[in-house]
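Student: Submitted below is the structure of interest, expressed as structure tokens.
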Amino acid sequence: MHSSTERFGAAKDKARGAVPRHVAIVMDGNGRWASKRFMPRFVGHKQGVDALVRTVRACADRGIDYLTVFAFSSENWKRPQEEVSGLMGLVLVAVSKYLGKLANEGVRIRIVGDRGAVSDKVREAWDEAERRTVLNRRITLSVAFNYGGRWDMVQACRAAIEAGVPAAELTEERLAEFLALSHAPDPDLFIRTGGEVRISNFLLWQAAYSELHFTDCLWPDFDEVELDAALATFAARDRRFGAIKTEVAPVVTAAAAVQPAA
Ligand code: IPE
Ligand code: IPE
Ligand code: MG
């Protein structure tokens with residue numbers, strides 16, 4: 001448990017915009033972490049689950065309201081069948097090992113992705129995770145599983161059409177209501193571990209103005225030091241969202257602009 005002073009500090013930072021409200025992470029590098037140790041890739045995925053739980057707790061302690069992680073992409077089905085089934089089995093192990101603990105710690109779990117293609121067992125585990133944590137408010141952990149940014153846009157368009165939204169009324173705000181992550185604000189900080197500098201079809205819509213942070217750290221090694229380094233780079237960024245910074249560039253009125261210099 002953290003002291004009230006620490007929590008007050010976190011709240012103050014958030015008010016200043018120094019702490020992101022929503023952090024998204026591409027948890028990459030599990031396979032290489034294991035290969036470096038001459039172990040099967042599965043061991044890296046298993047360690048990756050522990051890194052995730054560690055990160056959820058660290059984010060909650062820092063006053064981050066939403067954490068969204070990429071756990072299995074629409075494209076990861078292209079991997080050998082043995083690895084895919086190992087990952088599916090790991091979902092069941094992870095839920096039975098950690099769901100009770102995270103539920104007691106105030107973590108709300110949401111699953112985003114296409115549940116249609118996963119087995120009944122995996123779907124039931126996800127449903128249980130959502131059901132048991134529905135009242136929790138400390139932090140919302142969204143797990144992107146069988147998720148792809150392009151899949152999300154297509155399913156959102158389909159859902160909007162099915163809901164009878166007239167084409168003329170389909171604004172960005174209206175379409176966003178149908179996206180899988182409609183329960184969360186757009187991510188402020190987008191982290192990718194594992195050294196690759198690409199998005200790999202994660203949060204294509206939502207990351208439009210996210211600050212990007214890439215680290216060579218392999219996901220199973222991700223810890224509070226790595227998280228704090230990412231948060232420090234975020235705090236130093238100047239977010240403009242297409243506007244200009246008014247402090248450095250005061251608005252010049254038309255009248256002032258034509259005045260001759262004194
Ligand atoms: C990320 O680690 C986890 C998943 C994609 C499921 P990888 O399995 O991609 O690990 P590397 O990138 O091969 O090291
Ligand atoms: C992205 O990692 C997906 C997840 C972390 C779940 P990948 O390892 O699948 O991405 P690529 O293939 O290197 O782009
Ligand atoms: Mg990878």
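Here's how to read the names in the structure tokens: chain A, B, ... by the order shown, residue numbers from 1 in each chain, ligand numbers from 1 in the order shown.
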Residues up to 8 Å from ligand 3, counting only C-alpha atoms and all ligand atoms: could you list those as a list in words?
Tutor: Asp28, Gly29, Asn30, Gly31 and Gly194 of chain A
Student: Counting only C-alpha atoms, what is within 7 Å of stretch 55-62 of chain A, bar same-chain residues fewer than 5 positions away, as a list in words?
Tutor: Ala10, Arg138, Ile139, Asp223 and Glu224 of chain A
Student: Please give the complete set of residues from stretch 47-247 of chain A that DSSP, run on the backbone, assigns to helix (DSSP H, G or I), formatted as an NGL selection string.
Tutor: :A and (47-61 or 76-78 or 81-104 or 115-117 or 120-132 or 149-162 or 167-169 or 172-176 or 206-209 or 219-221 or 224-236)
Student: Using only C-alpha atoms, determine which residues lie at most 10 Å from A:Arg41, disregarding the query and same-chain residues fewer than 5 positions distant; provide the list as a list in words.
Tutor: Gly29, Asn30, Gly31, Arg32, Trp33, Ala34, Ser35, Lys36, Lys46, Glu83 and Gly86 of chain A
Student: Between A:Ser119, A:Ser74, A:Thr171, A:Thr140, which residue has the minimum interatomic distance to ligand 2, considering only C-alpha atoms and all ligand atoms?
Tutor: A:Ser74
Student: Expressed in Å to a single decimal, how great is the separation between atom CA of A:Leu189 and atom 6 (C, counted along the ligand's line) of ligand 1?
Tutor: 20.8 Å
Student: Using only C-alpha atoms, which residues sit within 9 Å of A:Ala180 once same-chain residues fewer than 2 positions away are excluded, as a ChimeraX atom specification?
Tutor: /A:111-113,152-153,155-156,176-178,182-183
Student: Which is closer to ligand 2 than all the others in A:Phe42, A:Tyr147, A:Phe70, A:Phe190, using only C-alpha atoms and all ligand atoms?
Tutor: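 The answer is A:Phe70, which sits nearest to ligand 2.
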Student: Calculated over only C-alpha atoms and all ligand atoms, which of the candidates A:Ile199, A:Val107, A:Leu218, A:Ile161 has the smallest distance to ligand 2?
Tutor: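 With only C-alpha atoms and all ligand atoms as the atom set, the closest residue is A:Ile199.
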Student: Which residues are near A:Met27? Cut-off 12 Å, only C-alpha atoms, ignore same chain within fewer than 5 positions. Put them as a ChimeraX atom specification.
Tutor: /A:33,44-45,47-52,55,67-73,143-145,190-196,199-200,202,214-222
Student: Since we have the selection now, will you write its residues out, keeping N, CA and C atoms, as an mmCIF file, in the first residue's frame?
Tutor:
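again.cif, freshly written:
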```cif
data_model
loop_
_atom_site.group_PDB
_atom_site.id
_atom_site.type_symbol
_atom_site.label_atom_id
_atom_site.label_comp_id
_atom_site.auth_asym_id
_atom_site.auth_seq_id
_atom_site.Cartn_x
_atom_site.Cartn_y
_atom_site.Cartn_z
ATOM 1 N N TRP A 33 13.986 -13.210 -25.692
ATOM 2 C CA TRP A 33 14.412 -13.307 -24.283
ATOM 3 C C TRP A 33 14.719 -14.777 -23.962
ATOM 4 N N GLY A 44 9.667 -17.625 -22.494
ATOM 5 C CA GLY A 44 9.626 -16.162 -22.589
ATOM 6 C C GLY A 44 8.199 -15.632 -22.438
ATOM 7 N N HIS A 45 7.246 -16.325 -23.038
ATOM 8 C CA HIS A 45 5.847 -15.894 -22.924
ATOM 9 C C HIS A 45 5.384 -16.006 -21.466
ATOM 10 N N GLN A 47 7.254 -15.835 -18.743
ATOM 11 C CA GLN A 47 7.864 -14.720 -18.001
ATOM 12 C C GLN A 47 7.170 -13.403 -18.351
ATOM 13 N N GLY A 48 6.678 -13.333 -19.584
ATOM 14 C CA GLY A 48 5.988 -12.125 -20.038
ATOM 15 C C GLY A 48 4.714 -11.861 -19.237
ATOM 16 N N VAL A 49 4.058 -12.923 -18.806
ATOM 17 C CA VAL A 49 2.842 -12.759 -17.988
ATOM 18 C C VAL A 49 3.219 -12.105 -16.658
ATOM 19 N N ASP A 50 4.323 -12.549 -16.070
ATOM 20 C CA ASP A 50 4.759 -11.948 -14.798
ATOM 21 C C ASP A 50 5.118 -10.471 -14.999
ATOM 22 N N ALA A 51 5.767 -10.181 -16.130
ATOM 23 C CA ALA A 51 6.119 -8.778 -16.409
ATOM 24 C C ALA A 51 4.850 -7.936 -16.544
ATOM 25 N N LEU A 52 3.814 -8.528 -17.121
ATOM 26 C CA LEU A 52 2.553 -7.797 -17.281
ATOM 27 C C LEU A 52 1.933 -7.482 -15.917
ATOM 28 N N THR A 55 3.741 -4.785 -14.263
ATOM 29 C CA THR A 55 3.506 -3.492 -14.912
ATOM 30 C C THR A 55 2.127 -2.928 -14.554
ATOM 31 N N LEU A 67 -4.374 1.016 -18.772
ATOM 32 C CA LEU A 67 -3.222 0.344 -19.388
ATOM 33 C C LEU A 67 -3.782 -0.613 -20.435
ATOM 34 N N THR A 68 -3.302 -0.482 -21.664
ATOM 35 C CA THR A 68 -3.771 -1.371 -22.735
ATOM 36 C C THR A 68 -2.568 -2.097 -23.315
ATOM 37 N N VAL A 69 -2.631 -3.414 -23.335
ATOM 38 C CA VAL A 69 -1.465 -4.190 -23.777
ATOM 39 C C VAL A 69 -1.814 -5.087 -24.957
ATOM 40 N N PHE A 70 -0.825 -5.234 -25.848
ATOM 41 C CA PHE A 70 -1.006 -6.093 -27.029
ATOM 42 C C PHE A 70 -0.479 -7.481 -26.664
ATOM 43 N N ALA A 71 -1.379 -8.436 -26.557
ATOM 44 C CA ALA A 71 -0.989 -9.782 -26.118
ATOM 45 C C ALA A 71 -0.966 -10.791 -27.264
ATOM 46 N N PHE A 72 -1.858 -10.606 -28.248
ATOM 47 C CA PHE A 72 -1.912 -11.543 -29.383
ATOM 48 C C PHE A 72 -2.565 -10.806 -30.548
ATOM 49 N N SER A 73 -1.819 -10.725 -31.648
ATOM 50 C CA SER A 73 -2.336 -9.939 -32.776
ATOM 51 C C SER A 73 -3.110 -10.813 -33.756
ATOM 52 N N VAL A 143 -6.775 -5.904 -22.401
ATOM 53 C CA VAL A 143 -5.872 -6.864 -23.029
ATOM 54 C C VAL A 143 -6.318 -7.058 -24.475
ATOM 55 N N ALA A 144 -5.453 -6.648 -25.409
ATOM 56 C CA ALA A 144 -5.779 -6.811 -26.825
ATOM 57 C C ALA A 144 -5.377 -8.217 -27.245
ATOM 58 N N PHE A 145 -6.358 -9.014 -27.543
ATOM 59 C CA PHE A 145 -6.122 -10.428 -27.830
ATOM 60 C C PHE A 145 -6.900 -10.795 -29.079
ATOM 61 N N PHE A 190 2.551 5.532 -25.912
ATOM 62 C CA PHE A 190 2.550 4.245 -26.612
ATOM 63 C C PHE A 190 3.973 3.700 -26.521
ATOM 64 N N ILE A 191 4.135 2.594 -25.824
ATOM 65 C CA ILE A 191 5.468 2.008 -25.618
ATOM 66 C C ILE A 191 5.570 0.727 -26.433
ATOM 67 N N ARG A 192 6.727 0.506 -27.061
ATOM 68 C CA ARG A 192 6.980 -0.813 -27.634
ATOM 69 C C ARG A 192 8.320 -1.304 -27.108
ATOM 70 N N THR A 193 8.323 -2.476 -26.516
ATOM 71 C CA THR A 193 9.565 -3.095 -26.073
ATOM 72 C C THR A 193 10.101 -3.981 -27.199
ATOM 73 N N GLY A 194 11.303 -4.509 -27.019
ATOM 74 C CA GLY A 194 11.828 -5.522 -27.934
ATOM 75 C C GLY A 194 12.631 -4.977 -29.108
ATOM 76 N N GLY A 195 12.784 -3.656 -29.175
ATOM 77 C CA GLY A 195 13.710 -3.094 -30.160
ATOM 78 C C GLY A 195 13.154 -2.807 -31.539
ATOM 79 N N GLU A 196 12.007 -3.363 -31.899
ATOM 80 C CA GLU A 196 11.451 -3.062 -33.227
ATOM 81 C C GLU A 196 10.780 -1.691 -33.175
ATOM 82 N N ILE A 199 4.510 -0.289 -35.475
ATOM 83 C CA ILE A 199 3.238 -0.333 -34.732
ATOM 84 C C ILE A 199 2.627 -1.727 -34.788
ATOM 85 N N SER A 200 2.931 -2.497 -35.859
ATOM 86 C CA SER A 200 2.417 -3.866 -36.025
ATOM 87 C C SER A 200 0.900 -3.977 -35.835
ATOM 88 N N PHE A 202 -1.291 -2.287 -34.114
ATOM 89 C CA PHE A 202 -1.897 -2.009 -32.805
ATOM 90 C C PHE A 202 -2.571 -0.638 -32.881
ATOM 91 N N PHE A 214 10.131 3.818 -27.820
ATOM 92 C CA PHE A 214 10.623 2.496 -28.198
ATOM 93 C C PHE A 214 11.831 2.151 -27.334
ATOM 94 N N THR A 215 11.852 0.935 -26.821
ATOM 95 C CA THR A 215 12.991 0.516 -25.996
ATOM 96 C C THR A 215 13.473 -0.869 -26.432
ATOM 97 N N ASP A 216 14.791 -1.074 -26.306
ATOM 98 C CA ASP A 216 15.371 -2.381 -26.653
ATOM 99 C C ASP A 216 15.081 -3.434 -25.584
ATOM 100 N N CYS A 217 14.624 -2.995 -24.435
ATOM 101 C CA CYS A 217 14.329 -3.932 -23.339
ATOM 102 C C CYS A 217 13.364 -5.015 -23.840
ATOM 103 N N LEU A 218 13.703 -6.269 -23.612
ATOM 104 C CA LEU A 218 12.810 -7.359 -24.014
ATOM 105 C C LEU A 218 11.694 -7.458 -22.962
ATOM 106 N N TRP A 219 10.464 -7.717 -23.410
ATOM 107 C CA TRP A 219 9.311 -7.601 -22.514
ATOM 108 C C TRP A 219 9.474 -8.319 -21.159
ATOM 109 N N PRO A 220 9.995 -9.554 -21.099
ATOM 110 C CA PRO A 220 10.085 -10.199 -19.780
ATOM 111 C C PRO A 220 10.981 -9.440 -18.793
ATOM 112 N N ASP A 221 11.855 -8.562 -19.313
ATOM 113 C CA ASP A 221 12.731 -7.770 -18.429
ATOM 114 C C ASP A 221 12.092 -6.430 -18.034
ATOM 115 N N PHE A 222 10.928 -6.110 -18.570
ATOM 116 C CA PHE A 222 10.325 -4.798 -18.313
ATOM 117 C C PHE A 222 9.979 -4.672 -16.834
#
```
Student: Compare A:His213, A:Lys121, A:Arg240, A:Lys245 by their minimum atom-to-atom distance to A:Val23, counting only C-alpha atoms, and give me the closest one.
Tutor: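 Looking at the shortest contact to A:Val23, the residue is A:His213.
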Student: With only C-alpha atoms and all ligand atoms as the basis for distance, which of A:Lys78, A:Arg239, A:Arg108, A:Arg21 is at the shortest distance from ligand 2?
Tutor: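 The shortest atom-to-atom distance to ligand 2 comes from A:Lys78.
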